[in-house]
$ cat my_file25.tsv   # TSV, C-alpha atoms
chain	number	residue	atom	x	y	z
A	1	MET	CA	143.07	141.36	47.48
A	2	SER	CA	145.89	143.94	47.53
A	3	LYS	CA	145.48	147.46	46.22
A	4	LYS	CA	148.37	146.73	43.87
A	5	ASN	CA	146.26	144.12	42.15
A	6	GLU	CA	143.25	146.43	41.86
A	7	ILE	CA	142.33	148.21	38.64
A	8	ASN	CA	140.84	151.69	39.07
A	9	ILE	CA	138.71	152.94	36.16
A	10	ALA	CA	136.70	156.15	35.72
A	11	PHE	CA	133.56	156.21	33.61
A	12	ALA	CA	131.94	159.40	32.35
A	13	GLY	CA	128.71	160.23	30.58
A	14	GLY	CA	125.10	161.10	31.16
A	15	GLY	CA	122.26	163.50	30.56
A	16	THR	CA	120.07	160.66	29.27
A	17	GLY	CA	119.91	156.92	29.80
A	18	GLY	CA	121.33	156.46	26.31
A	19	HIS	CA	124.66	157.82	27.50
A	20	ILE	CA	124.68	155.73	30.67
A	21	TYR	CA	123.37	152.22	30.00
A	22	PRO	CA	125.99	151.27	27.37
A	23	GLY	CA	128.73	152.42	29.75
A	24	LEU	CA	127.24	150.30	32.52
A	25	ALA	CA	127.33	147.34	30.12
A	26	VAL	CA	131.07	147.87	29.67
A	27	ALA	CA	131.52	148.24	33.45
A	28	ASP	CA	129.71	144.93	34.07
A	29	SER	CA	131.78	143.14	31.43
A	30	LEU	CA	134.99	144.60	32.85
A	31	ARG	CA	134.12	143.27	36.31
A	32	VAL	CA	133.59	139.78	34.92
A	33	LEU	CA	136.85	139.95	32.98
A	34	CYS	CA	138.82	141.10	36.02
A	35	GLU	CA	137.32	138.35	38.15
A	36	LYS	CA	138.34	135.74	35.57
A	37	ASN	CA	141.89	137.06	35.74
A	38	GLY	CA	142.01	137.14	39.52
A	39	ARG	CA	141.99	140.93	39.78
A	40	SER	CA	139.66	143.32	41.53
A	41	VAL	CA	138.36	146.51	39.94
A	42	HIS	CA	137.17	149.80	41.40
A	43	ILE	CA	134.78	151.63	39.07
A	44	PHE	CA	133.47	155.12	39.70
A	45	TRP	CA	131.14	157.17	37.53
A	46	ILE	CA	131.26	160.90	36.80
A	47	GLY	CA	127.89	162.16	35.59
A	48	ASN	CA	125.37	164.95	35.65
A	49	ALA	CA	124.51	166.19	39.12
A	50	SER	CA	120.87	165.29	38.42
A	51	ASP	CA	118.71	162.69	40.06
A	52	LEU	CA	118.30	160.71	36.81
A	53	ASP	CA	122.00	160.01	36.23
A	54	LYS	CA	122.63	159.10	39.85
A	55	THR	CA	119.52	156.91	40.10
A	56	ILE	CA	120.31	154.92	36.97
A	57	VAL	CA	123.94	154.32	37.96
A	58	GLU	CA	123.23	153.46	41.58
A	59	LYS	CA	120.39	151.07	40.68
A	60	SER	CA	122.42	149.16	38.09
A	61	VAL	CA	123.52	145.66	39.04
A	62	GLY	CA	125.39	143.20	36.82
A	63	GLU	CA	124.56	139.54	36.21
A	64	ASN	CA	126.83	138.56	39.08
A	65	GLY	CA	124.69	140.61	41.48
A	66	VAL	CA	127.42	143.21	42.03
A	67	LYS	CA	126.72	146.91	41.56
A	68	SER	CA	127.99	148.21	38.22
A	69	ALA	CA	129.70	151.23	39.80
A	70	ASP	CA	131.23	151.55	43.25
A	71	ALA	CA	130.69	155.31	43.47
A	72	PHE	CA	128.96	158.15	41.65
A	73	TYR	CA	130.20	161.74	41.44
A	74	GLY	CA	127.85	164.43	40.17
A	75	ILE	CA	129.38	167.47	38.46
A	76	PRO	CA	127.97	170.71	37.01
A	77	SER	CA	127.60	170.52	33.24
A	78	GLY	CA	126.57	172.92	30.53
A	79	LYS	CA	124.80	171.84	27.39
A	80	LEU	CA	126.69	172.00	24.09
A	81	ARG	CA	124.38	173.78	21.66
A	82	ARG	CA	125.03	174.21	17.94
A	83	TYR	CA	122.74	177.24	17.75
A	84	PHE	CA	122.77	180.71	19.27
A	85	SER	CA	121.31	180.95	22.74
A	86	PHE	CA	122.00	183.22	25.72
A	87	LYS	CA	122.15	180.00	27.76
A	88	ASN	CA	125.43	179.23	25.99
A	89	PHE	CA	127.10	182.09	27.88
A	90	LEU	CA	125.79	180.86	31.24
A	91	ASP	CA	126.74	177.27	30.45
A	92	ILE	CA	130.35	178.27	29.82
A	93	PHE	CA	130.67	178.80	33.57
A	94	LYS	CA	129.01	175.42	34.24
A	95	ILE	CA	131.48	173.72	31.91
A	96	ILE	CA	134.43	175.41	33.64
A	97	ALA	CA	133.01	174.36	37.02
A	98	GLY	CA	132.61	170.81	35.65
A	99	VAL	CA	136.25	170.73	34.54
A	100	CYS	CA	137.41	171.91	37.98
A	101	ALA	CA	135.21	169.36	39.78
A	102	SER	CA	136.37	166.55	37.46
A	103	PHE	CA	140.02	167.53	37.92
A	104	PHE	CA	139.87	167.14	41.69
A	105	ILE	CA	137.79	163.94	41.49
A	106	LEU	CA	140.33	162.35	39.15
A	107	LEU	CA	143.23	163.69	41.24
A	108	LYS	CA	141.71	162.04	44.32
A	109	GLU	CA	140.74	158.71	42.70
A	110	LYS	CA	143.84	158.37	40.46
A	111	PRO	CA	142.25	156.09	37.81
A	112	SER	CA	144.40	154.25	35.29
A	113	LEU	CA	142.00	155.14	32.48
A	114	LEU	CA	138.82	157.13	31.79
A	115	PHE	CA	136.14	155.63	29.55
A	116	SER	CA	133.67	158.17	28.17
A	117	LYS	CA	130.25	157.16	26.94
A	118	GLY	CA	129.41	160.63	25.66
A	119	GLY	CA	126.85	163.30	26.28
A	120	PHE	CA	127.67	166.88	27.18
A	121	VAL	CA	128.51	165.92	30.78
A	122	SER	CA	131.44	163.80	29.55
A	123	VAL	CA	133.38	166.74	28.09
A	124	PRO	CA	134.72	168.20	31.37
A	125	PRO	CA	136.01	164.83	32.71
A	126	CYS	CA	137.73	164.05	29.39
A	127	PHE	CA	139.41	167.46	29.35
A	128	ALA	CA	140.45	167.10	33.00
A	129	ALA	CA	141.84	163.61	32.27
A	130	ARG	CA	143.88	165.08	29.43
A	131	LEU	CA	145.36	167.68	31.81
A	132	LEU	CA	146.26	164.88	34.25
A	133	ARG	CA	147.66	162.65	31.46
A	134	ILE	CA	145.11	159.93	32.15
A	135	PRO	CA	144.40	157.86	29.00
A	136	VAL	CA	140.92	158.51	27.57
A	137	PHE	CA	138.89	156.00	25.57
A	138	THR	CA	135.56	157.20	24.19
A	139	HIS	CA	132.63	155.53	22.44
A	140	GLU	CA	130.22	156.98	19.88
A	141	CYS	CA	126.94	155.09	19.70
A	142	ASP	CA	125.21	157.01	16.88
A	143	PHE	CA	125.72	156.62	13.14
A	144	THR	CA	127.04	160.18	12.94
A	145	PRO	CA	129.27	161.48	15.78
A	146	GLY	CA	127.95	164.10	18.17
A	147	LEU	CA	129.69	167.31	19.16
A	148	ALA	CA	130.74	165.82	22.51
A	149	THR	CA	132.50	162.93	20.76
A	150	LYS	CA	134.25	165.31	18.35
A	151	ILE	CA	135.53	167.34	21.31
A	152	ASN	CA	136.41	164.29	23.42
A	153	SER	CA	138.24	162.65	20.53
A	154	LYS	CA	140.91	165.37	20.82
A	155	SER	CA	141.72	163.93	24.26
A	156	ALA	CA	141.19	160.29	23.32
A	157	LYS	CA	143.79	157.61	22.80
A	158	LYS	CA	141.12	155.44	21.14
A	159	VAL	CA	137.63	156.04	19.74
A	160	PHE	CA	135.16	153.15	19.58
A	161	VAL	CA	132.24	153.31	17.11
A	162	SER	CA	128.99	151.34	16.76
A	163	TYR	CA	128.90	151.50	12.96
A	164	LYS	CA	131.83	150.98	10.60
A	165	GLU	CA	130.57	153.88	8.48
A	166	THR	CA	130.96	156.32	11.38
A	167	ALA	CA	134.74	156.44	10.89
A	168	LYS	CA	134.34	158.58	7.75
A	169	PHE	CA	132.88	161.40	9.85
A	170	LEU	CA	135.93	161.53	12.15
A	171	SER	CA	139.54	162.59	11.64
A	172	PRO	CA	141.66	159.92	9.90
A	173	LYS	CA	144.39	160.71	12.45
A	174	LEU	CA	142.34	159.12	15.24
A	175	HIS	CA	142.74	155.53	16.39
A	176	ILE	CA	139.23	154.27	15.61
A	177	GLU	CA	137.93	150.77	16.35
A	178	PHE	CA	134.57	149.32	15.30
A	179	THR	CA	132.97	147.48	18.21
A	180	GLY	CA	129.20	147.77	17.83
A	181	ASN	CA	127.04	149.30	20.54
A	182	PRO	CA	127.42	147.97	24.11
A	183	VAL	CA	124.32	146.34	25.54
A	184	ARG	CA	123.98	145.33	29.18
A	185	PRO	CA	124.48	141.60	29.88
A	186	ALA	CA	120.93	141.40	31.25
A	187	PHE	CA	119.60	141.72	27.68
A	188	TYR	CA	121.36	138.51	26.66
A	189	SER	CA	119.63	136.57	29.43
A	190	ALA	CA	116.26	138.35	29.32
A	191	ARG	CA	113.15	136.17	29.55
A	192	ALA	CA	109.73	136.93	28.11
A	193	ASP	CA	107.95	134.98	30.85
A	194	ARG	CA	109.48	137.20	33.54
A	195	GLY	CA	108.51	140.26	31.52
A	196	ARG	CA	104.90	139.10	31.19
A	197	ALA	CA	104.78	138.36	34.92
A	198	PHE	CA	106.02	141.86	35.74
A	199	LEU	CA	103.43	143.34	33.38
A	200	SER	CA	100.67	141.00	34.62
A	201	VAL	CA	100.08	139.75	31.07
A	202	GLU	CA	99.13	136.09	30.62
A	203	ASN	CA	100.88	133.86	28.12
A	204	THR	CA	99.46	133.21	24.65
A	205	GLY	CA	96.45	130.92	24.54
A	206	GLU	CA	94.71	129.31	21.57
A	207	GLY	CA	91.95	130.63	19.31
A	208	LYS	CA	89.61	133.10	20.98
A	209	ASP	CA	91.66	132.87	24.19
A	210	ALA	CA	94.85	134.05	22.49
A	211	ARG	CA	96.10	137.30	23.99
A	212	LYS	CA	96.66	140.39	21.89
A	213	PRO	CA	100.25	141.14	20.84
A	214	ILE	CA	102.19	143.39	23.21
A	215	LEU	CA	103.12	146.84	21.92
A	216	LEU	CA	105.90	148.42	23.97
A	217	VAL	CA	106.11	152.20	23.63
A	218	LEU	CA	109.46	153.81	24.50
A	219	GLY	CA	110.38	157.46	24.33
A	220	GLY	CA	113.77	157.28	26.00
A	221	SER	CA	114.51	157.86	29.67
A	222	LEU	CA	113.05	161.38	29.51
A	223	GLY	CA	109.94	160.39	27.56
A	224	ALA	CA	108.95	161.74	24.13
A	225	ARG	CA	106.13	164.24	23.80
A	226	GLN	CA	105.47	163.43	20.12
A	227	ILE	CA	105.16	159.69	20.74
A	228	ASN	CA	103.11	160.22	23.89
A	229	GLU	CA	100.66	162.43	22.00
A	230	LEU	CA	100.31	159.89	19.18
A	231	VAL	CA	99.55	157.18	21.73
A	232	ARG	CA	96.95	159.34	23.52
A	233	GLU	CA	95.24	160.33	20.26
A	234	ASN	CA	94.99	156.72	19.06
A	235	LEU	CA	94.69	154.91	22.38
A	236	SER	CA	91.30	153.39	21.66
A	237	TRP	CA	92.45	151.75	18.40
A	238	LEU	CA	95.75	150.68	19.93
A	239	CYS	CA	94.06	148.95	22.86
A	240	ARG	CA	91.56	147.17	20.63
A	241	ASN	CA	94.47	145.55	18.82
A	242	PHE	CA	97.37	145.47	21.29
A	243	ILE	CA	98.24	145.32	24.94
A	244	VAL	CA	99.94	148.72	25.22
A	245	ILE	CA	102.89	149.02	27.59
A	246	HIS	CA	103.83	152.70	27.66
A	247	GLN	CA	106.97	154.12	29.28
A	248	THR	CA	105.90	157.76	29.47
A	249	GLY	CA	108.91	159.36	31.14
A	250	GLU	CA	108.82	160.58	34.74
A	251	LYS	CA	107.77	164.14	33.93
A	252	ASN	CA	104.97	162.98	31.61
A	253	ALA	CA	103.38	160.40	33.92
A	254	ASP	CA	100.36	162.50	34.95
A	255	ASP	CA	99.63	163.64	31.39
A	256	ASN	CA	99.47	160.05	30.17
A	257	ALA	CA	97.34	158.56	32.93
A	258	TYR	CA	93.91	157.38	31.74
A	259	TYR	CA	90.83	158.38	33.72
A	260	GLY	CA	88.08	157.38	31.25
A	261	ASP	CA	85.73	154.40	31.19
A	262	ASP	CA	86.66	152.70	27.89
A	263	ALA	CA	86.78	149.00	28.81
A	264	GLU	CA	89.46	148.12	26.22
A	265	ILE	CA	91.74	150.90	27.43
A	266	LEU	CA	91.22	150.06	31.08
A	267	ALA	CA	92.06	146.41	30.37
A	268	HIS	CA	94.92	146.83	27.93
A	269	TYR	CA	96.71	150.12	28.65
A	270	LYS	CA	99.58	149.93	31.14
A	271	PRO	CA	101.55	153.21	31.53
A	272	PHE	CA	104.81	153.31	33.50
A	273	PRO	CA	106.77	156.49	34.31
A	274	PHE	CA	110.03	154.57	33.92
A	275	ILE	CA	111.03	150.91	33.88
A	276	TYR	CA	114.35	150.20	35.55
A	277	THR	CA	115.84	146.74	36.09
A	278	GLU	CA	112.85	144.94	34.52
A	279	MET	CA	113.36	146.56	31.10
A	280	PRO	CA	115.29	143.66	29.47
A	281	ASP	CA	112.51	141.20	30.37
A	282	VAL	CA	109.82	143.68	29.30
A	283	ILE	CA	111.42	144.10	25.85
A	284	ALA	CA	111.74	140.31	25.61
A	285	ALA	CA	108.00	140.03	26.25
A	286	ALA	CA	107.07	142.61	23.60
A	287	ASP	CA	105.87	141.63	20.14
A	288	VAL	CA	106.42	145.09	18.63
A	289	VAL	CA	108.37	148.11	19.91
A	290	LEU	CA	107.40	151.69	19.06
A	291	SER	CA	110.33	153.92	19.85
A	292	ARG	CA	112.52	156.89	19.17
A	293	ALA	CA	115.70	156.00	17.28
A	294	GLY	CA	118.22	156.59	20.04
A	295	ALA	CA	121.13	154.20	19.67
A	296	ASN	CA	120.71	152.61	23.06
A	297	SER	CA	117.07	151.53	22.61
A	298	LEU	CA	117.75	150.44	19.03
A	299	TRP	CA	120.51	148.02	19.91
A	300	GLU	CA	118.83	146.69	23.03
A	301	CYS	CA	115.81	145.81	20.89
A	302	ALA	CA	118.06	144.42	18.15
A	303	THR	CA	119.77	142.14	20.67
A	304	LEU	CA	116.33	140.69	21.45
A	305	SER	CA	115.30	140.59	17.76
A	306	LYS	CA	112.26	142.83	18.21
A	307	PRO	CA	110.27	144.30	15.27
A	308	LEU	CA	110.57	148.08	15.41
A	309	VAL	CA	108.50	151.09	14.46
A	310	LEU	CA	110.78	154.10	14.74
A	311	ILE	CA	109.77	157.74	15.09
A	312	PRO	CA	113.15	159.53	15.13
A	313	LEU	CA	113.55	162.89	16.78
A	314	CYS	CA	113.67	165.48	14.00
A	315	GLY	CA	113.77	169.23	13.60
A	316	ALA	CA	115.85	172.22	14.66
A	317	GLY	CA	116.47	170.90	18.18
A	318	THR	CA	118.44	167.88	16.98
A	319	ARG	CA	121.53	167.25	14.85
A	320	GLY	CA	119.74	164.51	12.91
A	321	ASP	CA	121.46	161.57	14.59
A	322	GLN	CA	118.23	159.68	15.20
A	323	GLU	CA	117.18	160.03	11.57
A	324	ASP	CA	120.54	158.60	10.52
A	325	ASN	CA	120.18	155.70	12.97
A	326	ALA	CA	116.64	154.98	11.78
A	327	GLU	CA	117.67	155.11	8.13
A	328	TYR	CA	120.37	152.49	8.76
A	329	PHE	CA	117.82	150.07	10.24
A	330	LYS	CA	115.27	150.85	7.52
A	331	ASN	CA	117.82	150.14	4.77
A	332	ALA	CA	118.51	146.78	6.40
A	333	ASN	CA	114.75	146.00	6.24
A	334	ALA	CA	114.85	145.72	10.02
A	335	ALA	CA	112.39	148.48	10.98
A	336	PHE	CA	109.53	150.68	9.82
A	337	VAL	CA	110.30	154.40	10.04
A	338	LEU	CA	107.80	157.24	10.46
A	339	ALA	CA	109.77	160.47	10.17
A	340	ARG	CA	108.76	164.11	9.88
A	341	GLU	CA	105.48	164.46	7.92
A	342	ASN	CA	104.92	160.69	8.09
A	343	ALA	CA	104.79	160.69	11.90
A	344	THR	CA	100.98	160.86	12.01
A	345	GLY	CA	98.31	158.80	13.72
A	346	GLU	CA	97.04	157.58	10.36
A	347	LYS	CA	100.49	156.36	9.26
A	348	LEU	CA	101.10	154.79	12.67
A	349	ILE	CA	97.89	152.77	12.52
A	350	GLU	CA	98.62	151.74	8.93
A	351	CYS	CA	102.07	150.51	9.99
A	352	LEU	CA	100.84	148.67	13.08
A	353	LYS	CA	98.08	146.97	11.08
A	354	THR	CA	100.84	145.43	8.96
A	355	LEU	CA	102.61	144.24	12.09
A	356	LEU	CA	99.53	142.44	13.36
A	357	ASP	CA	100.62	139.77	10.85
A	358	GLU	CA	102.93	137.40	12.73
A	359	GLN	CA	104.85	136.52	9.55
A	360	VAL	CA	105.73	140.18	9.00
A	361	ARG	CA	106.97	140.38	12.58
A	362	LEU	CA	109.08	137.25	12.11
A	363	ARG	CA	110.68	138.67	8.96
A	364	LEU	CA	111.67	141.89	10.74
A	365	SER	CA	112.96	139.89	13.71
A	366	LYS	CA	115.23	137.86	11.47
A	367	ASN	CA	116.60	140.95	9.71
A	368	ILE	CA	117.27	142.90	12.88
A	369	ALA	CA	118.98	139.92	14.52
A	370	ALA	CA	121.34	139.76	11.54
A	371	LEU	CA	122.67	143.23	12.41
A	372	CYS	CA	124.10	141.96	15.70
A	373	GLY	CA	127.49	140.30	15.52
A	374	SER	CA	128.54	137.16	17.37
A	375	VAL	CA	130.83	139.01	19.81
A	376	ARG	CA	129.22	141.20	22.45
A	377	PRO	CA	130.38	144.83	21.99
A	378	ALA	CA	130.63	145.46	25.75
A	379	GLU	CA	132.99	142.50	26.11
A	380	LYS	CA	135.05	143.67	23.16
A	381	ILE	CA	135.51	147.13	24.69
A	382	ALA	CA	136.17	145.68	28.16
A	383	ASN	CA	138.95	143.51	26.70
A	384	VAL	CA	140.63	146.54	25.10
A	385	ILE	CA	140.39	148.51	28.37
A	386	TYR	CA	141.79	145.59	30.36
A	387	GLU	CA	144.73	145.17	27.98
A	388	GLU	CA	145.48	148.89	28.21
A	389	VAL	CA	145.57	149.06	32.00
A	390	SER	CA	147.46	145.75	32.28
A	391	LYS	CA	150.45	146.94	30.24
$ encode --input "my_file25.tsv" --output "structure tokens"
Amino acid sequence: MSKKNEINIAFAGGGTGGHIYPGLAVADSLRVLCEKNGRSVHIFWIGNASDLDKTIVEKSVGENGVKSADAFYGIPSGKLRRYFSFKNFLDIFKIIAGVCASFFILLKEKPSLLFSKGGFVSVPPCFAARLLRIPVFTHECDFTPGLATKINSKSAKKVFVSYKETAKFLSPKLHIEFTGNPVRPAFYSARADRGRAFLSVENTGEGKDARKPILLVLGGSLGARQINELVRENLSWLCRNFIVIHQTGEKNADDNAYYGDDAEILAHYKPFPFIYTEMPDVIAAADVVLSRAGANSLWECATLSKPLVLIPLCGAGTRGDQEDNAEYFKNANAAFVLARENATGEKLIECLKTLLDEQVRLRLSKNIAALCGSVRPAEKIANVIYEEVSK
């Protein structure tokens, strides 16, 4: 296929899986769309020069078996903090270095468009694209927009949002489009039987042979100390009532290993540092998900209609986005929320006791499924991108 018929698109974002996976979903959908229209597409990703960003992007493969991104470029990036810190002064130089690196990457690759999925690492590429007059489209996945999105929106031709209500927090001068939150195609074809096979968990039997419900514990790609501690403190009760699948985060793997002799824990506790390509099937196999309230995990679980117990990240180190996300799902009667002083072992056990009732789980499943529209957000965004670069 000729180069003239090839579409060249830059993607930017990173720092956590929540800023990468939705972008990969759009990349996969864009590949499918281009193939349907007889065009090839070259996709490259600009992310944090860390192992996590690169690993996630390079391991991602779409439903058609093709890699989501053809290349990955790591750049220096400074964190955008809303509070005083001496690190802010040092990170200014990282941000400037990131802009310079992004400028030369974009100058070399010459993309027709840059799609930003957010995170502090996306700011330098968006600014560099603005300097090079490359159209920028950006997506905000949280209920309230982050600082990166507010900065990137100044360079953006279009801003996509996951919630209609998010528009009120952004400038009315912006071209804003409600799309929902992109979820990778693999979540729409996930299978519980494959998930149980990966986890070595047998299917449900009858009566005394029936297996315990599966509790999937997620703390995001970096893990969550608060959730990990709650699991450790209540592990005996949890394993008496659930099969506990615990994604601990790579850096927390050793702290969450179990070396005791409790038979229930040994039989029913399965910690994983990180679950990569098997995650859609693992979520499909779960009966209940205990999680932070990051947008990515929320909508992946919603796509699979999973009952949720949310422990949003709170406090001075956060802008409150996870609390806003959790509140939205709580108000839709689609999740239980344990925030701030309610995030205790006692409250967690009380909540999970309620979810041992299958009818309660079914009610939450129905409500959370209702939040997902009939059109896949990733496809909607891919269509807009394709129309833009085909003009």
$ closest_atom_pairs --input "my_file25.tsv" --of "stretch 341-372 of chain A" --to "stretch 233-236 of chain A" --cutoff "10 Å" --atoms "all atoms listed in the file" --output "JSON lines"
{"residue": "A:Gly345", "atom": "CA", "partner": "A:Asn234", "partner_atom": "CA", "distance": 6.6}
{"residue": "A:Glu346", "atom": "CA", "partner": "A:Asn234", "partner_atom": "CA", "distance": 9.0}
{"residue": "A:Leu348", "atom": "CA", "partner": "A:Asn234", "partner_atom": "CA", "distance": 9.0}
{"residue": "A:Ile349", "atom": "CA", "partner": "A:Asn234", "partner_atom": "CA", "distance": 8.2}
$ closest_residue --input "my_file25.tsv" --among "A:Cys239, A:Val136, A:Cys372, A:Ala10" --to "A:Ile105" --atoms "only C-alpha atoms"
A:Ala10
$ residues_around --input "my_file25.tsv" --residues "A:Phe72" --least-positions-apart "6" --cutoff "7 Å" --atoms "only C-alpha atoms" --output "PyMOL selection string"
chain A and resi 44-46+54
$ atom_distance --input "my_file25.tsv" --atom1 "atom CA of A:Leu362" --atom2 "atom CA of A:Leu298"
17.2 Å
$ atom_distance --input "my_file25.tsv" --atom1 "atom CA of A:Phe242" --atom2 "atom CA of A:Asn296"
24.5 Å
$ closest_residue --input "my_file25.tsv" --among "A:Val288, A:Ala69, A:Val121, A:Val244" --to "A:Ala267" --atoms "only C-alpha atoms"
A:Val244
$ closest_residue --input "my_file25.tsv" --among "A:Val217, A:Ile381, A:Ala129, A:Ile227" --to "A:Leu24" --atoms "only C-alpha atoms"
A:Ile381
$ build_atoms --input "my_file25.tsv" --residues "stretch 136-143 of chain A" --atoms "all heavy atoms" --output "tab-separated table (two decimals), in the frame of the given file"
chain	number	residue	atom	x	y	z
A	136	VAL	N	142.37	158.40	27.79
A	136	VAL	CA	140.92	158.51	27.57
A	136	VAL	C	140.52	157.62	26.40
A	136	VAL	O	141.09	157.71	25.32
A	136	VAL	CB	140.51	159.97	27.28
A	136	VAL	CG1	139.03	160.05	26.89
A	136	VAL	CG2	140.78	160.85	28.48
A	137	PHE	N	139.53	156.76	26.64
A	137	PHE	CA	138.89	156.00	25.57
A	137	PHE	C	137.44	156.49	25.51
A	137	PHE	O	136.81	156.67	26.55
A	137	PHE	CB	138.89	154.49	25.87
A	137	PHE	CG	140.22	153.81	25.69
A	137	PHE	CD1	141.38	154.54	25.44
A	137	PHE	CD2	140.33	152.43	25.80
A	137	PHE	CE1	142.61	153.90	25.29
A	137	PHE	CE2	141.54	151.79	25.64
A	137	PHE	CZ	142.68	152.53	25.39
A	138	THR	N	136.93	156.71	24.32
A	138	THR	CA	135.56	157.20	24.19
A	138	THR	C	134.79	156.37	23.17
A	138	THR	O	135.39	155.78	22.27
A	138	THR	CB	135.53	158.70	23.81
A	138	THR	OG1	134.20	159.19	23.87
A	138	THR	CG2	136.07	158.92	22.40
A	139	HIS	N	133.47	156.32	23.34
A	139	HIS	CA	132.63	155.53	22.44
A	139	HIS	C	131.52	156.40	21.86
A	139	HIS	O	130.88	157.16	22.58
A	139	HIS	CB	132.00	154.35	23.18
A	139	HIS	CG	131.13	153.49	22.30
A	139	HIS	ND1	129.79	153.76	22.09
A	139	HIS	CD2	131.40	152.39	21.56
A	139	HIS	CE1	129.29	152.86	21.28
A	139	HIS	NE2	130.25	152.01	20.94
A	140	GLU	N	131.32	156.29	20.55
A	140	GLU	CA	130.22	156.98	19.88
A	140	GLU	C	129.18	155.94	19.46
A	140	GLU	O	129.50	155.01	18.72
A	140	GLU	CB	130.72	157.73	18.64
A	140	GLU	CG	129.62	158.35	17.78
A	140	GLU	CD	128.71	159.29	18.55
A	140	GLU	OE1	129.21	160.30	19.09
A	140	GLU	OE2	127.50	159.01	18.62
A	141	CYS	N	127.96	156.10	19.97
A	141	CYS	CA	126.94	155.09	19.70
A	141	CYS	C	126.10	155.39	18.46
A	141	CYS	O	125.50	154.49	17.88
A	141	CYS	CB	126.02	154.93	20.91
A	141	CYS	SG	125.25	156.45	21.45
A	142	ASP	N	126.05	156.66	18.02
A	142	ASP	CA	125.21	157.01	16.88
A	142	ASP	C	125.94	156.82	15.56
A	142	ASP	O	127.18	156.76	15.51
A	142	ASP	CB	124.74	158.46	17.00
A	142	ASP	CG	123.70	158.65	18.09
A	142	ASP	OD1	122.74	157.86	18.12
A	142	ASP	OD2	123.85	159.56	18.91
A	143	PHE	N	125.16	156.79	14.48
A	143	PHE	CA	125.72	156.62	13.14
A	143	PHE	C	126.64	157.79	12.79
A	143	PHE	O	127.70	157.61	12.22
A	143	PHE	CB	124.59	156.50	12.12
A	143	PHE	CG	125.04	156.11	10.75
A	143	PHE	CD1	125.22	154.77	10.42
A	143	PHE	CD2	125.27	157.07	9.77
A	143	PHE	CE1	125.66	154.41	9.15
A	143	PHE	CE2	125.68	156.71	8.50
A	143	PHE	CZ	125.88	155.38	8.19
